[in-house]
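Next comes query.txt, a file with compact mmCIF, C-alpha atoms.
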# COMPACT_ATOMS: atom_id res chain seq x y z
CA MET A 1 258.37 33.01 70.21
CA ILE A 2 257.38 36.67 70.56
CA GLU A 3 253.95 35.58 71.76
CA THR A 4 255.54 33.34 74.41
CA ILE A 5 257.71 36.21 75.62
CA GLN A 6 254.66 38.48 75.70
CA ASN A 7 252.69 35.91 77.71
CA LEU A 8 255.55 35.43 80.16
CA ALA A 9 256.01 39.19 80.54
CA SER A 10 252.28 39.57 81.11
CA ALA A 11 252.24 36.80 83.73
CA TYR A 12 255.26 38.01 85.67
CA TYR A 13 254.81 41.75 85.24
CA GLY A 14 252.76 42.23 88.45
CA PRO A 15 254.95 40.17 90.81
CA ILE A 16 258.14 41.73 89.40
CA PHE A 17 256.71 45.24 89.78
CA CYS A 18 255.65 44.50 93.39
CA LEU A 19 259.02 42.94 94.18
CA GLY A 20 260.83 45.98 92.75
CA LEU A 21 258.68 48.29 94.85
CA LEU A 22 259.36 46.17 97.94
CA VAL A 23 263.12 46.36 97.37
CA VAL A 24 263.04 50.15 96.89
CA PHE A 25 260.95 50.71 100.02
CA ALA A 26 263.09 48.34 102.10
CA TRP A 27 266.24 50.11 100.89
CA ILE A 28 264.84 53.58 101.70
CA SER A 29 263.72 52.46 105.15
CA TRP A 30 266.94 50.66 105.98
CA ARG A 31 269.21 53.45 104.74
CA GLY A 32 267.13 56.09 106.52
CA SER A 33 266.82 58.24 103.40
CA ASN A 34 265.00 61.50 104.07
CA GLY A 35 264.18 62.34 100.45
CA TRP A 36 261.12 63.62 98.66
CA PRO A 37 258.93 61.66 97.88
CA LEU A 38 260.71 58.48 99.04
CA ASN A 39 261.15 59.00 102.74
CA CYS A 40 261.98 56.93 105.80
CA TYR A 41 259.54 58.88 108.02
CA PRO A 42 261.82 59.51 111.01
CA MET A 43 259.32 61.72 112.89
CA PHE A 44 259.77 61.58 116.68
CA ALA A 45 262.12 58.62 116.27
CA ARG A 46 265.00 60.00 118.33
CA GLN A 47 264.78 59.88 122.09
CA ILE A 48 265.16 63.31 123.60
CA SER A 49 266.45 64.09 127.04
CA VAL A 50 265.00 66.66 129.45
CA GLU A 51 267.80 69.06 128.47
CA GLU A 52 266.89 68.74 124.81
CA ALA A 53 263.25 69.60 125.50
CA SER A 54 264.02 73.29 125.37
CA GLY A 55 264.37 76.07 122.84
CA VAL A 56 263.53 79.65 122.02
CA ARG A 57 260.09 81.04 121.36
CA LEU A 58 259.05 84.53 120.35
CA ALA A 59 256.65 86.68 122.28
CA LEU A 60 255.03 90.05 121.73
CA LYS A 61 255.46 92.69 124.43
CA ASN A 62 252.67 95.24 124.68
CA PRO A 63 253.21 98.86 125.82
CA ASP A 64 251.43 98.07 129.12
CA GLY A 65 254.06 95.41 129.83
CA THR A 66 251.90 92.34 129.16
CA ILE A 67 253.45 89.54 127.13
CA SER A 68 251.71 87.16 124.72
CA TRP A 69 253.21 84.35 122.65
CA TRP A 70 253.61 84.87 118.92
CA ASN A 71 251.18 82.40 117.34
CA PRO A 72 251.42 82.56 113.54
CA PRO A 73 248.60 81.04 111.46
CA PHE A 74 250.78 78.07 110.42
CA HIS A 75 251.71 75.61 113.11
CA ARG A 76 255.33 74.48 113.37
CA LEU A 77 256.46 77.85 112.00
CA VAL A 78 257.39 78.79 115.59
CA TRP A 79 259.43 75.60 115.79
CA ARG A 80 261.14 76.50 112.52
CA PHE A 81 262.06 79.93 113.87
CA ASN A 82 263.41 78.23 117.01
CA LEU A 83 265.71 76.12 114.83
CA GLU A 84 266.84 79.17 112.83
CA PHE A 85 267.59 81.17 115.98
CA GLN A 86 269.49 78.24 117.48
CA LYS A 87 271.43 77.83 114.25
CA ALA A 88 272.46 81.47 114.47
CA GLY A 89 273.55 80.94 118.10
CA ILE A 90 271.70 81.90 121.24
CA ASN A 91 273.15 83.48 124.35
CA ARG A 92 272.13 81.56 127.44
CA ILE A 93 273.91 81.44 130.79
CA ASN A 94 276.98 79.16 130.40
CA ASP A 95 276.47 79.18 126.64
CA GLU A 96 279.73 79.84 124.87
CA VAL A 97 278.13 80.42 121.48
CA GLU A 98 277.86 84.08 120.59
CA PRO A 99 274.68 84.91 118.73
CA ASN A 100 274.95 86.14 115.19
CA LYS A 101 273.23 89.48 115.71
CA ASP A 102 272.70 90.15 111.99
CA VAL A 103 270.91 86.86 111.45
CA HIS A 104 268.87 87.43 114.60
CA SER A 105 267.82 90.90 113.36
CA LYS A 106 266.79 89.45 110.02
CA LEU A 107 264.72 86.78 111.74
CA PHE A 108 263.07 89.39 113.99
CA GLU A 109 262.24 91.52 110.93
CA ARG A 110 260.86 88.46 109.19
CA VAL A 111 258.46 87.95 112.10
CA ILE A 112 257.49 91.62 112.18
CA SER A 113 256.67 91.53 108.47
CA GLY A 114 254.00 88.94 109.22
CA LEU A 115 252.30 90.86 112.03
CA THR A 116 248.89 92.30 111.36
CA ASP A 117 248.31 96.07 111.61
CA LYS A 118 246.51 95.52 114.91
CA GLU A 119 249.41 93.48 116.29
CA LEU A 120 251.88 96.12 115.09
CA ALA A 121 249.93 98.87 116.81
CA GLU A 122 249.78 96.92 120.05
CA THR A 123 253.35 95.59 120.11
CA GLU A 124 256.24 97.50 121.58
CA ALA A 125 258.91 94.84 121.16
CA LEU A 126 259.55 91.25 120.16
CA LEU A 127 261.02 89.12 122.90
CA LEU A 128 263.23 86.09 122.38
CA ILE A 129 262.45 83.77 125.26
CA PHE A 130 264.40 80.66 126.17
CA ARG A 131 262.16 77.88 127.44
CA GLU A 132 263.99 75.33 129.57
CA THR A 133 262.49 72.09 130.88
CA SER A 134 263.44 70.47 134.16
CA MET A 135 262.26 67.30 135.88
CA ASP A 136 261.95 66.85 139.62
CA SER A 137 262.61 63.62 141.55
CA HIS A 138 258.96 62.54 141.11
CA GLY A 139 259.21 62.83 137.33
CA ASN A 140 257.13 66.00 137.07
CA LEU A 141 258.07 68.35 134.26
CA SER A 142 258.26 72.12 134.67
CA VAL A 143 259.28 74.94 132.37
CA ALA A 144 261.34 78.02 133.22
CA ASP A 145 261.28 80.98 130.82
CA ALA A 146 264.09 83.52 130.50
CA ILE A 147 264.16 86.56 128.21
CA LEU A 148 267.28 86.42 126.04
CA ALA A 149 266.79 89.45 123.81
CA SER A 150 264.35 92.22 123.04
CA TYR A 151 263.88 93.68 119.58
CA PRO A 152 261.93 96.95 119.33
CA VAL A 153 259.14 96.98 116.79
CA PRO A 154 259.51 100.08 114.60
CA VAL A 155 256.43 102.26 114.42
CA PHE A 156 256.37 102.23 110.60
CA SER A 157 257.36 98.65 109.99
CA ALA A 158 254.43 97.48 107.89
CA GLY A 159 255.48 96.27 104.46
CA VAL A 160 258.91 94.90 105.43
CA SER A 161 259.51 91.74 103.39
CA MET B 1 244.38 31.97 89.32
CA THR B 2 244.44 33.15 92.93
CA PRO B 3 242.78 36.42 94.02
CA PHE B 4 246.26 37.99 94.19
CA PHE B 5 246.41 38.09 90.42
CA GLU B 6 242.84 38.44 89.25
CA THR B 7 239.59 39.98 90.42
CA VAL B 8 236.61 38.51 88.58
CA GLY B 9 233.63 40.73 87.81
CA ILE B 10 235.10 43.74 89.56
CA ASN B 11 237.99 46.00 88.61
CA LEU B 12 239.31 47.04 92.02
CA THR B 13 242.23 49.03 90.60
CA ALA B 14 240.03 51.28 88.44
CA ILE B 15 237.63 51.88 91.33
CA ALA B 16 240.54 52.63 93.70
CA ALA B 17 242.12 55.01 91.16
CA ASP B 18 238.89 56.94 90.69
CA ILE B 19 238.19 57.14 94.43
CA TYR B 20 241.75 58.30 95.13
CA CYS B 21 241.74 60.91 92.35
CA LEU B 22 238.33 62.24 93.42
CA TYR B 23 239.49 62.52 97.04
CA LEU B 24 242.65 64.36 95.97
CA ILE B 25 240.63 66.78 93.84
CA ILE B 26 238.42 67.68 96.81
CA ILE B 27 241.36 68.08 99.20
CA LEU B 28 243.48 70.07 96.73
CA ALA B 29 240.60 72.41 95.90
CA ALA B 30 239.92 72.91 99.61
CA SER B 31 243.63 73.59 100.26
CA LEU B 32 244.10 76.25 97.56
CA ARG B 33 243.23 79.09 99.93
CA VAL B 34 245.58 77.84 102.67
CA HIS B 35 248.38 77.39 100.12
CA HIS B 36 247.79 80.91 98.79
CA ARG B 37 247.96 82.28 102.33
CA PHE B 38 251.11 80.28 103.07
CA LEU B 39 252.87 81.49 99.92
CA TYR B 40 252.11 85.15 100.64
CA TYR B 41 252.73 85.15 104.43
CA PRO B 42 256.17 86.81 104.71
CA PRO B 43 257.61 84.83 107.68
CA THR B 44 257.27 81.57 105.69
CA ALA B 45 260.15 82.80 103.52
CA ILE B 46 262.50 81.10 106.01
CA TYR B 47 261.54 77.80 104.38
CA PRO B 48 263.60 76.71 101.37
CA ARG B 49 262.39 78.38 98.16
CA ALA B 50 262.05 75.12 96.26
CA SER B 51 262.55 71.48 97.16
CA ARG B 52 264.74 68.88 95.48
CA ILE B 53 263.44 65.49 94.39
CA MET B 54 265.33 62.89 96.44
CA ARG B 55 267.58 65.79 97.55
CA ARG B 56 269.22 65.76 94.11
CA VAL B 57 266.96 66.89 91.30
CA PRO B 58 266.02 70.55 91.73
CA VAL B 59 262.46 71.57 90.96
CA PRO B 60 262.36 74.92 89.13
CA ASP B 61 261.12 77.81 91.26
CA LEU B 62 257.71 78.49 89.71
CA GLY B 63 256.97 81.51 91.86
CA ASN B 64 253.83 81.90 93.91
CA ILE B 65 251.46 82.31 90.98
CA GLY B 66 253.12 79.45 89.08
CA THR B 67 252.73 77.15 92.08
CA LEU B 68 249.03 77.92 92.37
CA ILE B 69 248.56 77.43 88.61
CA PHE B 70 250.28 74.03 88.88
CA GLN B 71 247.95 73.09 91.74
CA ILE B 72 244.94 73.94 89.58
CA LEU B 73 246.52 72.02 86.69
CA LEU B 74 246.93 69.02 89.00
CA ILE B 75 243.23 69.18 89.85
CA VAL B 76 242.35 69.32 86.14
CA LEU B 77 244.60 66.36 85.30
CA LEU B 78 243.16 64.26 88.13
CA LEU B 79 239.66 65.13 87.00
CA ALA B 80 240.56 64.15 83.44
CA ALA B 81 242.08 60.88 84.72
CA ILE B 82 238.68 59.94 86.17
CA PHE B 83 236.74 60.60 82.98
CA THR B 84 239.15 59.30 80.33
CA ASP B 85 240.04 55.81 79.17
CA ASP B 86 242.99 53.98 77.67
CA LEU B 87 246.01 55.98 76.57
CA LEU B 88 244.54 59.37 77.50
CA ASN B 89 243.91 58.12 81.02
CA ARG B 90 247.55 57.09 81.39
CA PHE B 91 248.70 60.37 79.87
CA CYS B 92 246.70 62.24 82.55
CA LEU B 93 248.15 60.10 85.35
CA ALA B 94 251.71 60.58 84.07
CA GLY B 95 251.10 64.33 83.73
CA ALA B 96 249.70 64.49 87.26
CA ILE B 97 252.87 62.87 88.65
CA ILE B 98 255.08 65.49 86.97
CA VAL B 99 252.81 68.40 87.87
CA TYR B 100 252.65 67.24 91.53
CA PHE B 101 256.31 68.19 92.05
CA GLY B 102 255.76 71.72 90.75
CA ALA B 103 252.53 72.10 92.69
CA PHE B 104 254.03 71.11 96.04
CA SER B 105 257.65 72.24 95.77
CA LYS B 106 257.08 75.66 97.34
CA VAL B 107 254.44 74.59 99.84
CA GLU B 108 256.29 71.50 101.00
CA GLY B 109 257.34 73.38 104.15
CA LEU B 110 253.72 73.71 105.24
CA GLU B 111 253.32 71.22 108.04
CA THR B 112 250.13 69.71 106.63
CA ASN B 113 252.08 68.89 103.46
CA ARG B 114 255.52 67.87 104.68
CA ARG B 115 255.83 64.08 104.29
CA GLN B 116 252.03 63.85 104.20
CA THR B 117 251.71 64.33 100.44
CA TYR B 118 254.62 62.03 99.59
CA LEU B 119 252.23 59.15 98.96
CA ILE B 120 250.51 61.03 96.09
CA PRO B 121 253.13 60.53 93.32
CA ILE B 122 253.79 56.96 94.50
CA TYR B 123 250.10 56.05 94.32
CA LEU B 124 249.68 57.75 90.95
CA PHE B 125 252.72 55.85 89.66
CA ILE B 126 251.26 52.51 90.80
CA PHE B 127 247.96 53.38 89.07
CA LEU B 128 249.87 54.38 85.95
CA MET B 129 251.68 51.03 85.85
CA SER B 130 248.55 49.00 86.51
CA PRO B 131 247.23 47.09 83.46
CA SER B 132 243.54 47.44 84.39
CA VAL B 133 243.39 51.04 85.59
CA SER B 134 241.64 52.33 82.47
CA SER B 135 239.12 49.48 82.11
CA PRO B 136 235.49 49.75 83.27
CA TRP B 137 234.67 49.21 86.96
CA ASN B 138 232.67 46.03 86.36
CA SER B 139 235.22 44.29 84.12
CA ASP B 140 237.75 41.69 85.32
CA GLY B 141 240.90 43.20 86.75
CA VAL B 142 244.15 42.38 88.52
CA TYR B 143 244.63 42.51 92.28
CA TRP B 144 248.36 43.14 92.59
CA PRO B 145 248.15 46.96 92.16
CA ILE B 146 245.96 47.06 95.32
CA TRP B 147 248.66 45.03 97.08
CA ALA B 148 251.28 47.51 95.82
CA LEU B 149 249.19 50.44 97.15
CA LYS B 150 248.97 48.71 100.53
CA LEU B 151 252.73 48.15 100.41
CA ALA B 152 253.32 51.89 99.86
CA LEU B 153 251.07 52.71 102.82
CA CYS B 154 252.79 50.08 104.98
CA GLN B 155 256.17 51.61 104.22
CA ILE B 156 255.17 54.79 106.09
CA TYR B 157 254.40 52.93 109.31
CA VAL B 158 256.97 50.17 109.15
CA SER B 159 259.73 52.62 108.24
CA ALA B 160 258.72 54.92 111.11
CA ALA B 161 259.01 51.91 113.46
CA VAL B 162 262.35 50.89 111.93
CA GLN B 163 263.76 54.39 112.57
CA LYS B 164 262.62 54.27 116.21
CA ILE B 165 264.17 50.84 116.75
CA ARG B 166 267.32 51.68 114.76
CA LEU B 167 268.02 54.84 116.78
CA ASN B 168 267.00 53.62 120.22
CA GLY B 169 266.91 49.83 120.29
CA ASP B 170 263.80 48.59 122.05
CA SER B 171 263.74 51.46 124.56
CA TRP B 172 261.60 53.98 122.60
CA ALA B 173 258.25 52.77 123.93
CA GLY B 174 259.47 51.89 127.43
CA GLN B 175 261.15 55.20 128.20
CA ASP B 176 259.72 58.70 128.26
CA SER B 177 260.33 59.38 124.55
CA PHE B 178 256.72 59.95 123.55
CA ARG B 179 256.10 62.03 126.66
CA MET B 180 259.15 64.24 126.04
CA HIS B 181 258.15 64.77 122.40
CA LEU B 182 254.67 65.80 123.51
CA HIS B 183 256.11 68.15 126.09
CA ARG B 184 258.55 69.69 123.61
CA LEU B 185 255.78 70.27 121.06
CA ALA B 186 253.71 72.03 123.72
CA LEU B 187 256.66 74.36 124.45
CA PHE B 188 256.33 75.93 121.02
CA GLU B 189 252.68 75.56 120.13
CA LYS B 190 249.35 76.20 121.72
CA LEU B 191 248.75 72.52 122.53
CA PRO B 192 246.93 72.36 125.88
CA LEU B 193 245.98 68.69 125.46
CA ALA B 194 249.57 67.64 124.72
CA GLU B 195 250.71 69.60 127.76
CA LYS B 196 248.13 67.91 129.98
CA LEU B 197 248.88 64.44 128.60
CA SER B 198 252.63 64.84 129.13
CA ALA B 199 251.93 65.12 132.87
CA TYR B 200 250.85 61.45 132.92
CA PRO B 201 253.93 59.25 132.26
CA VAL B 202 252.08 55.93 132.52
CA ILE B 203 249.47 56.90 129.90
CA CYS B 204 252.25 58.25 127.66
CA ARG B 205 254.15 54.96 127.90
CA LEU B 206 251.02 52.98 127.06
CA MET B 207 250.40 55.23 124.05
CA GLY B 208 254.05 54.86 123.04
CA ARG B 209 253.65 51.08 123.13
CA PHE B 210 250.46 51.25 121.05
CA ILE B 211 252.28 53.36 118.45
CA ILE B 212 255.28 51.07 118.15
CA ILE B 213 253.12 47.90 118.03
CA LEU B 214 250.83 49.41 115.39
CA GLN B 215 253.68 50.70 113.22
CA SER B 216 255.89 47.64 113.44
CA SER B 217 253.06 45.20 112.66
CA PHE B 218 251.27 47.16 109.94
CA TRP B 219 252.86 44.94 107.26
CA LEU B 220 250.56 42.13 108.37
CA ILE B 221 247.86 43.56 106.08
CA LEU B 222 250.04 42.44 103.16
CA ILE B 223 249.87 38.76 104.09
CA LEU B 224 246.67 38.57 106.16
CA PRO B 225 243.86 40.21 104.17
CA TRP B 226 241.38 39.64 107.03
CA ALA B 227 243.55 41.88 109.23
CA THR B 228 243.02 44.90 106.96
CA PRO B 229 239.83 46.16 108.70
CA ILE B 230 241.57 45.90 112.10
CA TYR B 231 244.49 48.02 110.94
CA PHE B 232 242.11 50.36 109.12
CA VAL B 233 240.41 51.18 112.45
CA ALA B 234 243.65 51.20 114.48
CA GLY B 235 245.32 53.51 111.93
CA LEU B 236 242.39 55.92 111.98
CA ILE B 237 242.48 56.01 115.80
CA PHE B 238 246.23 56.68 115.68
CA HIS B 239 245.87 59.55 113.20
CA LEU B 240 242.89 61.03 115.04
CA GLY B 241 245.00 60.94 118.23
CA THR B 242 247.94 62.75 116.62
CA ALA B 243 245.53 65.32 115.14
CA ILE B 244 243.77 66.01 118.46
CA PHE B 245 246.81 66.01 120.74
CA MET B 246 249.64 67.12 118.47
CA ARG B 247 247.98 68.95 115.57
CA ILE B 248 249.55 66.55 113.07
CA TYR B 249 246.99 66.23 110.32
CA TYR B 250 248.16 63.18 108.39
CA LEU B 251 244.53 62.22 107.81
CA LYS B 252 244.11 65.12 105.39
CA TYR B 253 245.97 63.40 102.58
CA ILE B 254 246.17 59.82 103.85
CA CYS B 255 242.36 59.43 103.95
CA GLY B 256 242.45 58.64 100.22
CA ALA B 257 244.77 55.70 100.95
CA TYR B 258 242.53 54.61 103.82
CA ALA B 259 239.52 54.67 101.48
CA ILE B 260 241.38 52.09 99.38
CA LEU B 261 242.02 50.03 102.53
CA LEU B 262 238.27 50.13 103.18
CA LEU B 263 237.57 49.03 99.60
CA ASP B 264 240.07 46.18 100.04
CA SER B 265 238.44 45.16 103.32
CA LEU B 266 235.05 45.05 101.58
CA TYR B 267 236.57 42.93 98.81
CA TRP B 268 237.88 40.33 101.25
CA TRP B 269 234.84 40.28 103.55
CA MET B 270 231.95 40.53 101.08
CA PRO B 271 230.93 38.16 98.29
CA ALA B 272 232.55 39.45 95.09
CA GLU B 273 229.22 39.45 93.22
CA ARG B 274 227.59 41.72 95.80
CA LEU B 275 230.53 44.16 95.82
CA GLY B 276 230.63 44.01 92.02
CA ALA B 277 226.93 44.85 91.91
CA TRP B 278 227.60 48.00 93.98
CA PHE B 279 230.00 49.33 91.38
CA ALA B 280 228.27 47.90 88.31

Mind turning this structure into structure tokens?
Amino acid sequence: MIETIQNLASAYYGPIFCLGLLVVFAWISWRGSNGWPLNCYPMFARQISVEEASGVRLALKNPDGTISWWNPPFHRLVWRFNLEFQKAGINRINDEVEPNKDVHSKLFERVISGLTDKELAETEALLLIFRETSMDSHGNLSVADAILASYPVPVFSAGVS
Amino acid sequence: MTPFFETVGINLTAIAADIYCLYLIIILAASLRVHHRFLYYPPTAIYPRASRIMRRVPVPDLGNIGTLIFQILLIVLLLAAIFTDDLLNRFCLAGAIIVYFGAFSKVEGLETNRRQTYLIPIYLFIFLMSPSVSSPWNSDGVYWPIWALKLALCQIYVSAAVQKIRLNGDSWAGQDSFRMHLHRLALFEKLPLAEKLSAYPVICRLMGRFIIILQSSFWLILILPWATPIYFVAGLIFHLGTAIFMRIYYLKYICGAYAILLLDSLYWWMPAERLGAWFA
């Protein structure tokens, strides 16, 4: 009897395991669960409009007036900061949301704490720039940049964490 | 017995497990420096301090040093899984699954890790549950764990297609979705190629169609073994494209899974004795 059960379990173990896995994966995909490690992989799934293809990006302003984008060593970190700034409110034209200045300051300081000594020496201020996309009648995309805020970089700011 | 249940003269599961573990060891060792830099780069503190398994079970905050120690421990366990047999082998695989969560909890925000390492614990779990994982390479084995590994890989693509269809109907590929995503990425990153490509709507639509066709039909490898090499090549082209144009490096971790696809392709296209002789 026990041997029969063992044989049956051995014969059906693989198919049952695979079926169980299939059910779990189908459930995760159908429900759209965004968990770790079972995920529905929703990257780039949502359609975005021209208006949504916009956001804020940080730039470094040098004493001679030239501006360069802040490019940290980890990609998508800029995108993450964009989300954080937007969460704390940004102040565009016709935007009724008032920015949370404290959160903005903390985010600016967070960026400054990652600047190298050379960047610190060459940077006068951090600029919060709103990048807005528009599309003309021929379908061509263009970007307009507008400075929303400027945050002075303190001279002795190295070591802020 | 059909090939689905048994592989005669070759233990595909054990070979796949060893290849996958070896690949992970190399990648994890090569990533230690990047992970160290990520952990100690102050602006990355805006990411959550520790992740939750399935958004529910919190992973203890191990600190920066603890995370790096867990990553080294994961390498050691994977190495031990290659060189051990029987119960010890399964103990190493089970340990590696648990240690994975500690090793990646604090670096999950890193874009080369987010979602891209999720296959690791799933693959290790399938190996752990496989009856023939700890047997020699040239012994008889079972095929279904390879099918389960392919199923886990398929879920990534098919689920991505399901989300696109669920949220947008059939309009994702036809409209400017892919183009707008490319353009938006280029707004925040130094992505000159994405910026250039987004200026060509027709090419973007064609690429969008290729993506949705590839993702929504990837499950065919589960029922048509001869299609595996086709999807192996198409998948590599897709990931190379996202790496070149969008700096999305899925290949870094998914290459281990693709190596198993290659092994499976060889199994279906070559005489079993010849393939068995390779790994004898």

Seminar exercise, completed: Between B:Asp140, B:Asp264, B:Glu273, B:Glu108, smallest distance to chain A by all atoms listed in the file belongs to B:Glu108

Would you write out, as JSON lines, a table of all residues in chain B that have an atom no more than 6 Å from an atom of chain A, listing for each the closest atom pair and the distance in Å to one decimal, considering all atoms listed in the file and ordering rows by chain and rising residue number?
{"residue": "B:Pro42", "atom": "CA", "partner": "A:Gly114", "partner_atom": "CA", "distance": 5.4}
{"residue": "B:Pro43", "atom": "CA", "partner": "A:Arg110", "partner_atom": "CA", "distance": 5.1}
{"residue": "B:Ile53", "atom": "CA", "partner": "A:Trp36", "partner_atom": "CA", "distance": 5.2}
{"residue": "B:Met54", "atom": "CA", "partner": "A:Gly35", "partner_atom": "CA", "distance": 4.2}
{"residue": "B:Arg55", "atom": "CA", "partner": "A:Gly35", "partner_atom": "CA", "distance": 5.6}
{"residue": "B:Tyr118", "atom": "CA", "partner": "A:Pro37", "partner_atom": "CA", "distance": 4.7}
{"residue": "B:Ala148", "atom": "CA", "partner": "A:Cys18", "partner_atom": "CA", "distance": 5.8}
{"residue": "B:Ser159", "atom": "CA", "partner": "A:Ser29", "partner_atom": "CA", "distance": 5.0}
{"residue": "B:Ala160", "atom": "CA", "partner": "A:Tyr41", "partner_atom": "CA", "distance": 5.1}
{"residue": "B:Gln163", "atom": "CA", "partner": "A:Pro42", "partner_atom": "CA", "distance": 5.7}
{"residue": "B:Lys164", "atom": "CA", "partner": "A:Ala45", "partner_atom": "CA", "distance": 4.4}
{"residue": "B:Ser177", "atom": "CA", "partner": "A:Gln47", "partner_atom": "CA", "distance": 5.1}
{"residue": "B:Arg184", "atom": "CA", "partner": "A:Ala53", "partner_atom": "CA", "distance": 5.1}

Go ahead and fit an axis-aligned box to every listed atom of region 148-155 of chain B plus 4 Å each side, and pass me the centre and edge lengths in Å, one decimal, as AutoDock Vina command-line options.
--center_x 252.6 --center_y 50.1 --center_z 100.4 --size_x 15.2 --size_y 13.2 --size_z 17.2

Exercise. What is the distance between CA of Leu263 (chain B) and CA of Val162 (chain B), in Å to one decimal?
Worked result: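 CA of Val162 (chain B) lies at a distance of 27.7 Å from CA of Leu263 (chain B).
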
For this session: Counting only C-alpha atoms, figure out which residue out of B:Gly95, B:Pro145, B:Gly102, B:Gly208 gets nearest to Leu77 (chain B).
Result: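 Of all the options, B:Gly95 lies closest to Leu77 (chain B).
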
For this session: Starting from the point (252.8, 70.7, 91.3), work out which residues of protein, DNA or RNA have an atom no more than 7 Å away when counting only C-alpha atoms; state them as a PyMOL selection string.
Result: chain B and resi 67+70-71+74+99-105

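Using all atoms listed in the file for every distance, the candidate list A:Val103, A:Ala88, A:Glu98, A:Ala59 yields A:Ala59 as the residue closest to Leu126 (chain A).
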
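Shortest separation to Pro152 (chain A) among A:Ser134, A:Asn62, A:Ser68, A:Asn100 occurs at residue A:Asn62, atoms counted being only C-alpha atoms.
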
For this session: Could you tell me how far CA of Pro229 (chain B) lies from CA of Ala259 (chain B), in Å and to one decimal?
Result: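 Interatomic distance here is 11.2 Å.
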
Exercise. Which distance in Å separates CA of Leu167 (chain B) and CA of Ile90 (chain A), to one decimal?
Worked result: 27.7 Å

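Of the residues under consideration (B:Leu214, B:Ala45, B:Ala17, B:Ala186), B:Ala17 shows the shortest atom-to-atom contact distance to Leu128 (chain B) when counting all atoms listed in the file.
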
Problem set entry | Residue among B:Ile212, B:Ala227, B:Leu197, B:Ala272 lying closest to Met246 (chain B), counting only C-alpha atoms |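 Going through B:Ile212, B:Ala227, B:Leu197, B:Ala272 one by one, the smallest distance to Met246 (chain B) is for B:Leu197.
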